[in-house]
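The file my_file.csv contains CSV, C-alpha atoms and all ligand atoms:
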chain,number,residue,atom,x,y,z
D,1,MET,CA,2.0,23.3,-19.2
D,2,SER,CA,3.2,19.7,-19.6
D,3,LEU,CA,3.5,17.4,-16.6
D,4,ALA,CA,7.3,17.5,-16.9
D,5,GLU,CA,7.2,21.3,-16.8
D,6,SER,CA,4.8,21.5,-13.9
D,7,ALA,CA,7.0,19.1,-11.9
D,8,SER,CA,9.9,21.4,-12.1
D,9,VAL,CA,8.3,24.0,-9.8
D,10,ILE,CA,7.2,21.6,-7.0
D,11,ASP,CA,9.1,21.9,-3.8
D,12,GLY,CA,7.8,19.0,-1.9
D,13,ALA,CA,7.8,20.9,1.4
D,14,PHE,CA,4.2,19.8,2.3
D,15,GLN,CA,2.9,20.3,5.8
D,16,ASN,CA,-0.2,18.3,5.6
D,17,ILE,CA,-1.9,15.6,3.5
D,18,PRO,CA,-5.0,16.4,1.4
D,19,ILE,CA,-8.3,14.6,1.8
D,20,ILE,CA,-10.0,13.7,-1.4
D,21,ASP,CA,-13.7,12.7,-1.7
D,22,LEU,CA,-14.3,9.7,-3.9
D,23,SER,CA,-18.1,9.9,-3.9
D,24,ARG,CA,-18.1,11.1,-7.5
D,25,ALA,CA,-15.3,8.8,-8.7
D,26,THR,CA,-17.5,7.0,-11.2
D,27,SER,CA,-19.8,9.9,-12.0
D,28,PRO,CA,-21.3,9.8,-15.5
D,29,ASP,CA,-20.1,13.4,-15.9
D,30,GLU,CA,-16.6,13.4,-17.4
D,31,ASN,CA,-15.9,16.8,-16.0
D,32,GLU,CA,-16.5,15.6,-12.5
D,33,ARG,CA,-14.1,12.7,-13.0
D,34,LYS,CA,-11.5,15.0,-14.4
D,35,GLY,CA,-11.9,17.5,-11.6
D,36,LEU,CA,-11.2,14.6,-9.2
D,37,ALA,CA,-8.3,13.4,-11.2
D,38,TYR,CA,-6.7,16.9,-11.0
D,39,GLN,CA,-7.0,16.9,-7.2
D,40,ILE,CA,-5.3,13.5,-7.3
D,41,ARG,CA,-2.6,14.8,-9.6
D,42,ASP,CA,-1.9,17.6,-7.2
D,43,ALA,CA,-1.6,15.3,-4.3
D,44,CYS,CA,0.6,12.9,-6.2
D,45,MET,CA,3.0,15.6,-7.4
D,46,ASN,CA,3.3,17.5,-4.1
D,47,VAL,CA,3.0,14.8,-1.5
D,48,GLY,CA,2.7,11.2,-2.8
D,49,PHE,CA,0.1,10.7,-0.1
D,50,PHE,CA,-3.6,11.5,0.2
D,51,TYR,CA,-6.6,10.5,2.2
D,52,VAL,CA,-9.8,9.3,0.6
D,53,LYS,CA,-13.3,9.5,2.1
D,54,ASN,CA,-16.4,7.9,0.8
D,55,HIS,CA,-14.3,5.0,-0.5
D,56,GLY,CA,-17.2,2.5,-0.3
D,57,ILE,CA,-15.7,-0.1,2.0
D,58,PRO,CA,-18.6,-1.2,4.3
D,59,PRO,CA,-17.9,-0.2,7.9
D,60,GLU,CA,-18.8,-3.7,9.1
D,61,TYR,CA,-16.0,-5.2,7.0
D,62,ILE,CA,-13.6,-3.0,8.8
D,63,VAL,CA,-15.0,-3.9,12.2
D,64,ASN,CA,-14.8,-7.6,11.3
D,65,ILE,CA,-11.2,-7.7,10.0
D,66,LEU,CA,-10.0,-5.7,13.0
D,67,GLU,CA,-11.8,-8.1,15.3
D,68,VAL,CA,-10.5,-11.4,13.8
D,69,ASN,CA,-7.0,-10.0,13.7
D,70,LYS,CA,-7.0,-8.9,17.3
D,71,GLU,CA,-7.9,-12.5,18.1
D,72,TYR,CA,-5.3,-13.9,15.8
D,73,PHE,CA,-2.4,-11.9,17.1
D,74,LYS,CA,-3.3,-12.9,20.7
D,75,LEU,CA,-2.6,-16.6,19.9
D,76,PRO,CA,0.6,-18.1,21.3
D,77,THR,CA,3.7,-17.4,19.3
D,78,GLU,CA,4.3,-21.1,18.7
D,79,GLU,CA,0.9,-21.4,17.1
D,80,LYS,CA,1.4,-18.4,14.8
D,81,LEU,CA,4.9,-19.6,13.9
D,82,LYS,CA,3.3,-22.7,12.3
D,83,LEU,CA,2.6,-20.4,9.3
D,84,ASN,CA,6.0,-18.6,9.4
D,85,HIS,CA,6.4,-16.9,6.0
D,86,LYS,CA,9.9,-18.2,5.8
D,87,THR,CA,8.6,-21.8,5.7
D,88,VAL,CA,5.5,-21.0,3.6
D,89,ALA,CA,6.2,-20.2,-0.1
D,90,ASN,CA,5.9,-16.8,-1.7
D,91,PHE,CA,6.0,-14.4,1.3
D,92,LYS,CA,2.7,-15.6,2.6
D,93,GLY,CA,1.7,-16.2,6.2
D,94,TYR,CA,3.0,-14.9,9.5
D,95,THR,CA,6.0,-12.5,10.1
D,96,PRO,CA,7.1,-12.5,13.8
D,97,LEU,CA,8.2,-9.4,15.7
D,98,LEU,CA,11.6,-7.9,14.6
D,99,ASP,CA,11.8,-10.3,11.7
D,100,ALA,CA,11.4,-7.8,8.9
D,101,ASN,CA,13.9,-4.9,8.8
D,102,ILE,CA,13.0,-2.5,6.1
D,103,GLU,CA,15.5,0.2,6.9
D,104,PRO,CA,19.1,-0.9,6.5
D,105,GLY,CA,21.1,-0.1,9.6
D,106,ASN,CA,18.0,-0.6,11.8
D,107,ARG,CA,17.5,-3.4,14.3
D,108,GLY,CA,14.3,-4.8,13.1
D,109,ASP,CA,10.8,-3.6,12.7
D,110,LEU,CA,8.7,-3.7,15.8
D,111,HIS,CA,5.6,-5.3,14.4
D,112,GLU,CA,4.2,-8.7,13.6
D,113,ALA,CA,2.2,-9.3,10.4
D,114,PHE,CA,0.1,-11.7,8.4
D,115,GLN,CA,0.2,-11.5,4.6
D,116,ILE,CA,-2.0,-12.8,1.8
D,117,GLY,CA,-2.4,-12.5,-1.9
D,118,TRP,CA,-5.3,-12.8,-4.3
D,119,GLU,CA,-8.0,-15.4,-3.4
D,120,GLU,CA,-11.7,-15.5,-4.3
D,121,LEU,CA,-14.0,-15.6,-1.3
D,122,GLU,CA,-16.0,-18.4,-2.8
D,123,ALA,CA,-13.0,-20.6,-3.8
D,124,LYS,CA,-12.4,-23.4,-1.3
D,125,ALA,CA,-9.2,-24.5,-3.1
D,126,HIS,CA,-6.5,-22.4,-4.7
D,127,ASP,CA,-7.6,-20.5,-7.8
D,128,GLU,CA,-5.5,-21.9,-10.7
D,129,LYS,CA,-6.3,-18.8,-12.8
D,130,ARG,CA,-4.2,-16.8,-10.5
D,131,ALA,CA,-1.5,-19.4,-9.9
D,132,ASN,CA,1.3,-17.8,-11.9
D,133,ASP,CA,0.3,-14.3,-12.2
D,134,GLY,CA,2.0,-12.5,-9.5
D,135,ALA,CA,5.0,-11.9,-7.3
D,136,MET,CA,3.1,-13.8,-4.6
D,137,ALA,CA,1.7,-16.6,-6.8
D,138,GLY,CA,0.7,-19.7,-5.0
D,139,ALA,CA,-1.9,-20.5,-2.4
D,140,ASN,CA,-2.6,-18.4,0.7
D,141,VAL,CA,-2.3,-20.1,4.1
D,142,TRP,CA,-4.9,-19.6,6.8
D,143,PRO,CA,-4.7,-20.1,10.6
D,144,GLU,CA,-7.0,-22.6,12.2
D,145,ARG,CA,-8.1,-20.0,14.7
D,146,PRO,CA,-9.9,-17.7,15.2
D,147,GLU,CA,-13.1,-19.0,13.5
D,148,GLY,CA,-14.1,-16.8,10.6
D,149,TYR,CA,-10.6,-15.4,10.1
D,150,ARG,CA,-10.4,-16.2,6.3
D,151,GLU,CA,-13.9,-14.8,5.6
D,152,GLY,CA,-13.3,-11.6,7.7
D,153,VAL,CA,-10.0,-10.9,6.0
D,154,LEU,CA,-11.1,-11.7,2.4
D,155,LYS,CA,-14.3,-9.6,2.6
D,156,TYR,CA,-12.3,-6.6,3.5
D,157,TYR,CA,-9.6,-7.5,0.9
D,158,HIS,CA,-12.0,-7.6,-2.0
D,159,ALA,CA,-13.7,-4.3,-0.9
D,160,ALA,CA,-10.2,-2.7,-0.8
D,161,VAL,CA,-9.3,-4.2,-4.2
D,162,ALA,CA,-12.5,-2.5,-5.5
D,163,VAL,CA,-11.1,0.9,-4.3
D,164,GLY,CA,-7.9,0.2,-6.2
D,165,LYS,CA,-9.9,-0.5,-9.4
D,166,ILE,CA,-11.7,2.8,-9.0
D,167,LEU,CA,-8.5,4.7,-8.6
D,168,PHE,CA,-6.6,3.4,-11.7
D,169,PRO,CA,-8.8,5.3,-14.2
D,170,LEU,CA,-8.4,8.5,-12.1
D,171,PHE,CA,-4.7,8.1,-12.1
D,172,ALA,CA,-4.8,7.6,-15.9
D,173,LEU,CA,-6.7,10.9,-16.3
D,174,SER,CA,-4.4,12.6,-13.9
D,175,LEU,CA,-1.5,11.7,-16.1
D,176,ASP,CA,-3.3,13.0,-19.3
D,177,LEU,CA,-3.6,9.4,-20.4
D,178,PRO,CA,-6.8,7.8,-21.8
D,179,GLU,CA,-9.1,7.0,-18.9
D,180,ARG,CA,-9.0,3.3,-19.7
D,181,TYR,CA,-5.2,3.2,-20.2
D,182,PHE,CA,-4.6,0.8,-17.2
D,183,ASP,CA,-7.6,-1.5,-18.0
D,184,ASP,CA,-5.6,-4.1,-20.0
D,185,LYS,CA,-2.7,-3.8,-17.5
D,186,THR,CA,-4.8,-4.5,-14.4
D,187,LYS,CA,-6.8,-7.7,-15.3
D,188,ASN,CA,-5.0,-9.7,-12.6
D,189,SER,CA,-3.7,-6.9,-10.5
D,190,ALA,CA,-1.1,-7.6,-8.0
D,191,ALA,CA,-2.8,-7.1,-4.6
D,192,ILE,CA,-0.8,-8.1,-1.6
D,193,MET,CA,-2.4,-7.4,1.7
D,194,ASN,CA,-0.6,-7.4,5.0
D,195,THR,CA,-2.2,-7.0,8.4
D,196,LEU,CA,0.2,-5.4,10.9
D,197,HIS,CA,0.1,-5.4,14.7
D,198,TYR,CA,2.4,-2.9,16.4
D,199,PRO,CA,2.8,-3.6,20.1
D,200,PRO,CA,3.2,-0.4,22.2
D,201,GLN,CA,6.8,0.8,22.1
D,202,THR,CA,8.4,1.6,25.5
D,203,GLY,CA,11.9,2.5,26.8
D,204,PRO,CA,14.2,5.2,25.6
D,205,ALA,CA,13.5,6.5,22.1
D,206,ASP,CA,15.8,4.8,19.6
D,207,ASP,CA,15.3,5.7,16.0
D,208,ARG,CA,16.8,2.3,15.0
D,209,ILE,CA,13.9,0.4,16.5
D,210,VAL,CA,10.5,1.7,15.3
D,211,GLY,CA,7.3,0.0,14.3
D,212,ILE,CA,8.3,0.1,10.7
D,213,GLY,CA,11.4,1.8,9.6
D,214,ALA,CA,11.7,4.5,7.0
D,215,HIS,CA,10.9,3.1,3.5
D,216,THR,CA,9.0,3.6,0.3
D,217,ASP,CA,6.4,1.0,-1.0
D,218,PHE,CA,7.1,-1.0,-4.1
D,219,GLU,CA,3.9,-1.3,-6.1
D,220,CYS,CA,1.9,1.4,-7.9
D,221,PHE,CA,0.0,2.5,-4.8
D,222,THR,CA,-1.0,1.4,-1.3
D,223,ILE,CA,-4.4,1.5,0.2
D,224,LEU,CA,-3.9,1.8,3.9
D,225,TRP,CA,-6.4,1.4,6.7
D,226,GLN,CA,-5.1,2.6,10.1
D,227,GLN,CA,-6.8,2.1,13.4
D,228,PRO,CA,-8.7,5.2,14.6
D,229,GLY,CA,-7.4,7.3,17.4
D,230,ILE,CA,-3.8,6.2,17.3
D,231,GLN,CA,-1.2,8.4,15.7
D,232,ALA,CA,1.8,6.4,14.3
D,233,LEU,CA,2.3,7.0,10.6
D,234,GLN,CA,4.8,9.7,9.6
D,235,VAL,CA,5.7,11.0,6.1
D,236,LEU,CA,8.9,12.7,5.2
D,237,ASN,CA,8.8,15.9,3.3
D,238,SER,CA,11.6,17.5,1.1
D,239,GLN,CA,12.8,19.5,4.2
D,240,LYS,CA,13.4,16.2,6.0
D,241,GLN,CA,10.6,16.9,8.4
D,242,TRP,CA,8.4,14.0,9.6
D,243,ILE,CA,4.8,15.1,8.9
D,244,GLU,CA,2.2,13.2,10.9
D,245,ALA,CA,-0.5,11.3,9.0
D,246,PRO,CA,-3.0,10.7,11.7
D,247,PRO,CA,-6.0,8.4,11.2
D,248,ILE,CA,-9.0,10.3,10.1
D,249,ASP,CA,-12.4,8.7,10.8
D,250,GLY,CA,-14.0,7.2,7.6
D,251,THR,CA,-10.9,7.6,5.5
D,252,LEU,CA,-8.2,5.4,4.0
D,253,VAL,CA,-4.7,6.6,3.2
D,254,ILE,CA,-3.5,6.2,-0.4
D,255,ASN,CA,0.3,6.5,-1.0
D,256,LEU,CA,2.2,6.0,-4.1
D,257,GLY,CA,4.9,3.3,-4.5
D,258,ASP,CA,8.0,3.0,-6.5
D,259,GLN,CA,6.3,1.5,-9.6
D,260,PHE,CA,4.3,4.7,-10.0
D,261,ALA,CA,7.5,6.8,-9.5
D,262,ARG,CA,9.2,4.8,-12.3
D,263,TRP,CA,6.2,5.1,-14.5
D,264,THR,CA,6.0,8.9,-14.0
D,265,ASN,CA,9.7,9.5,-14.0
D,266,ASP,CA,9.4,10.7,-10.4
D,267,ILE,CA,6.7,13.3,-11.3
D,268,PHE,CA,4.4,11.3,-9.0
D,269,LYS,CA,6.2,10.9,-5.6
D,270,SER,CA,6.9,7.7,-3.9
D,271,THR,CA,7.4,9.3,-0.5
D,272,VAL,CA,9.4,7.9,2.4
D,273,HIS,CA,7.3,7.0,5.5
D,274,ARG,CA,7.5,5.1,8.8
D,275,ALA,CA,5.3,4.1,11.7
D,276,VAL,CA,6.2,4.7,15.3
D,277,ASN,CA,3.8,3.4,18.0
D,278,ARG,CA,4.7,5.2,21.2
D,279,ASN,CA,1.1,5.4,22.4
D,280,GLY,CA,1.1,2.8,25.2
D,281,VAL,CA,-1.5,0.7,23.3
D,282,ASP,CA,-1.5,-1.9,20.6
D,283,ARG,CA,-2.0,-0.6,17.1
D,284,TYR,CA,-3.3,-2.3,14.0
D,285,SER,CA,-3.0,-1.2,10.4
D,286,ILE,CA,-3.8,-2.9,7.0
D,287,PRO,CA,-1.9,-1.9,3.9
D,288,LEU,CA,-2.9,-3.4,0.6
D,289,PHE,CA,-0.2,-3.0,-2.0
D,290,PHE,CA,-1.9,-2.6,-5.4
D,291,GLY,CA,-0.3,-2.9,-8.7
D,292,THR,CA,-0.6,-4.1,-12.3
D,293,ASP,CA,-0.5,-7.6,-13.9
D,294,TYR,CA,2.8,-9.4,-13.5
D,295,ASP,CA,4.0,-9.1,-17.1
D,296,VAL,CA,3.4,-5.3,-17.5
D,297,ASN,CA,6.5,-3.5,-18.7
D,298,ILE,CA,6.9,-0.3,-16.6
D,299,GLU,CA,8.9,2.5,-18.0
D,300,PRO,CA,8.5,6.3,-17.9
D,301,ILE,CA,5.5,7.4,-20.0
D,302,ALA,CA,6.1,9.9,-22.8
D,303,SER,CA,4.3,12.9,-21.1
D,304,CYS,CA,6.7,12.6,-18.1
D,305,VAL,CA,9.9,12.7,-20.1
D,306,SER,CA,11.4,15.9,-21.7
D,307,ALA,CA,14.7,17.3,-22.8
D,308,GLU,CA,15.1,18.8,-19.3
D,309,ARG,CA,13.8,15.7,-17.6
D,310,PRO,CA,15.3,12.7,-19.3
D,311,ALA,CA,14.1,9.2,-18.4
D,312,ARG,CA,15.5,8.3,-15.0
D,313,TYR,CA,14.5,4.6,-15.2
D,314,GLY,CA,14.8,1.8,-17.7
D,315,PRO,CA,12.1,-0.8,-18.2
D,316,VAL,CA,11.2,-3.5,-15.6
D,317,LEU,CA,8.6,-6.2,-15.5
D,318,ALA,CA,6.1,-5.2,-12.7
D,319,GLY,CA,6.0,-8.7,-11.1
D,320,GLU,CA,9.8,-9.3,-11.2
D,321,TYR,CA,10.4,-5.9,-9.7
D,322,VAL,CA,8.1,-6.7,-6.7
D,323,SER,CA,9.6,-10.2,-6.2
D,324,GLN,CA,13.0,-8.7,-6.1
D,325,ARG,CA,12.1,-6.0,-3.6
D,326,LEU,CA,10.3,-8.5,-1.4
D,327,LYS,CA,13.3,-10.8,-1.3
D,328,GLU,CA,15.5,-7.9,-0.4
D,329,MET,CA,13.2,-7.0,2.5
D,330,TYR,CA,12.9,-10.5,4.0
D,331,TYR,CA,16.1,-12.4,3.2
M,401,LIG,O1,1.3,0.9,9.6
M,401,LIG,C1,1.4,1.9,8.9
M,401,LIG,O2,0.7,2.9,9.1
M,401,LIG,C2,2.2,1.9,7.6
M,401,LIG,C3,2.6,0.6,7.1
M,401,LIG,C4,3.5,0.6,5.9
M,401,LIG,O3,4.0,1.7,5.6
M,401,LIG,C5,3.8,-0.6,5.1
M,401,LIG,O4,3.5,-1.7,5.5
M,401,LIG,O5,4.4,-0.4,4.0
M,402,FE,FE,4.8,1.5,3.6

Spell out the structure here as structure tokens.
Ligand SMILES: O=C(O)CCC(=O)C(=O)O
Ligand SMILES: [Fe+2]
Amino acid sequence: MSLAESASVIDGAFQNIPIIDLSRATSPDENERKGLAYQIRDACMNVGFFYVKNHGIPPEYIVNILEVNKEYFKLPTEEKLKLNHKTVANFKGYTPLLDANIEPGNRGDLHEAFQIGWEELEAKAHDEKRANDGAMAGANVWPERPEGYREGVLKYYHAAVAVGKILFPLFALSLDLPERYFDDKTKNSAAIMNTLHYPPQTGPADDRIVGIGAHTDFECFTILWQQPGIQALQVLNSQKQWIEAPPIDGTLVINLGDQFARWTNDIFKSTVHRAVNRNGVDRYSIPLFFGTDYDVNIEPIASCVSAERPARYGPVLAGEYVSQRLKEMYY
């Protein structure tokens, strides 16, 4: 059965989110890699979300990035606002509470955030090679405090980017494409990382003020770390039920974004989700939005188009698409 044919029998009424083990992701045995790719295909067609375990990010990197961010978000608001993303170029820096509003009609997202793009850990100055290659081109900004912030954040960042690099060949196999299909399209992959802090939400429940309103992500896929022990993330199924995506120890959440939906003609789902922190405690999460090079043309691939399923999207340049979506979100 072709991908387009199998997509026609999917109902999207999922009740839970599968967990996929990445320990054999780069196995020398092609059958093992393919087996894994088929699990990923299943998750992408039915849910648009899956957990990964054995992803390879060292636990101490996770401990460190959480630690420095807890310190950072405790700083006085005036100090954090020195790096307000509205005054720093290219969506980088600090986003204060209620500043972003991702769901039209809502009253603002109840989180604050700090966003970065690509930067080598070793580079002391801005890396010219990456200066013009992404929606977030231009130098990152870094707070003066806490000490070790940049290193703590960038170590995790590069480990998470490595997870993205492992996933692209598996996505290619899952789409019946040559395994190396994305290699020349992901040389300078877009990789925007946001650290989010959700204060505890109190008062009467109001669906118009939540941690992050209902939305889909923009890039190919998101690699999301969420703080253990705190349920906040919810994913919308085709029956309009919010299905909880609780943190599971040792896992990351992978969710597809709109670029993959365009590429696959909606055969892979970019699923609506939101976060609501009504737990009485602060919550932290770290999405890394992973995509292709800026100048990659994204349009439905042939195996995802058929007479019954004509192309739903025209071509777009990956980087321009993301810039446009970021502008709509923040301005
Ligand atoms: O905090 C979360 O769990 C989700 C964050 C998210 O969906 C996003 O930043 O796009
Ligand atoms: Fe999201």

Who sits within 7 Å of stretch 94-99 of chain D, only C-alpha atoms, same chain under 4 positions skipped, as a ChimeraX atom specification: /D:80-81,83-85,108-115

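Residues lying within 10 Å of D:Gly291, counting all atoms listed in the file and ignoring same-chain neighbours fewer than 4 positions away, are Gly134, Gly164, Lys165, Phe168, Lys185, Thr186, Asn188, Ser189, Ala190, Ala191, Ile192, Phe218, Glu219, Cys220, Phe221, Thr222, Gly257, Gln259, Phe260, Val296, Ala318, Gly319 and Val322 of chain D.
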
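Coordinates place atom CA of D:Trp118 at a distance of 22.6 Å from atom CA of D:Glu71.
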
Check which residues of chain D sit at most 7 Å from ligand FE 402 (chain M) using all atoms listed in the file, and return one row each with the closest pair of atoms and their distance in Å to one decimal, ordered by chain and rising number, as a Markdown table.
| residue | atom | partner | partner_atom | distance |
| --- | --- | --- | --- | --- |
| D:His215 | CA | M:FE402 | FE | 6.3 |
| D:Thr216 | CA | M:FE402 | FE | 5.7 |
| D:Asp217 | CA | M:FE402 | FE | 4.9 |
| D:His273 | CA | M:FE402 | FE | 6.3 |
| D:Arg274 | CA | M:FE402 | FE | 6.9 |

Per residue of chain D within 6 Å of ligand LIG 401 (chain M), record the nearest atom pair and its distance in Å to one decimal, counting only C-alpha atoms and all ligand atoms, with rows in chain order and ascending residue number, as a tab-separated table.
residue	atom	partner	partner_atom	distance
D:Asp217	CA	M:LIG401	O5	5.6
D:Gln226	CA	M:LIG401	O2	5.9
D:Leu233	CA	M:LIG401	O2	4.6
D:Arg274	CA	M:LIG401	O3	5.8
D:Ala275	CA	M:LIG401	C1	5.3
D:Ser285	CA	M:LIG401	O1	4.9
D:Pro287	CA	M:LIG401	O4	5.6

Polymer residues at most 12 Å from (17.3, 1.4, 7.1) by all atoms listed in the file, as a list in words: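 Result, sorted by chain then residue number: Ala100, Asn101, Ile102, Glu103, Pro104, Gly105, Asn106, Arg107, Gly108, Asp109, Asp207, Arg208, Ile209, Val210, Ile212, Gly213, Ala214, His215, Thr216, Val272, His273, Arg274 and Met329 of chain D.
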
Residue with smallest distance to D:Leu326 - pool D:Leu177, D:Arg312, D:Asn90, D:Ala159, counting only C-alpha atoms: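 Smallest distance to D:Leu326 is found for D:Asn90.
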
Under the rule of at most 8 Å, produce a per-residue listing of stretch 12-113 of chain D near stretch 265-270 of chain D: chain, number, name, the closest pair of atoms, and the distance in Å, as a Markdown table, using all atoms listed in the file.
| residue | atom | partner | partner_atom | distance |
| --- | --- | --- | --- | --- |
| D:Arg41 | CA | D:Phe268 | CA | 7.8 |
| D:Cys44 | CA | D:Phe268 | CA | 5.0 |
| D:Met45 | CA | D:Phe268 | CA | 4.8 |
| D:Asn46 | CA | D:Lys269 | CA | 7.4 |
| D:Val47 | CA | D:Lys269 | CA | 6.5 |
| D:Gly48 | CA | D:Lys269 | CA | 4.5 |

For D:Gln234, which of D:Leu66, D:Gly280, D:Asp11, D:Ile17 is the closest residue, counting all atoms listed in the file?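 For D:Gln234, the nearest of the candidates is D:Ile17.
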
Between atom CA of D:Val235 and atom CA of D:Ile223, what is the distance, to one decimal in Å? 15.1 Å
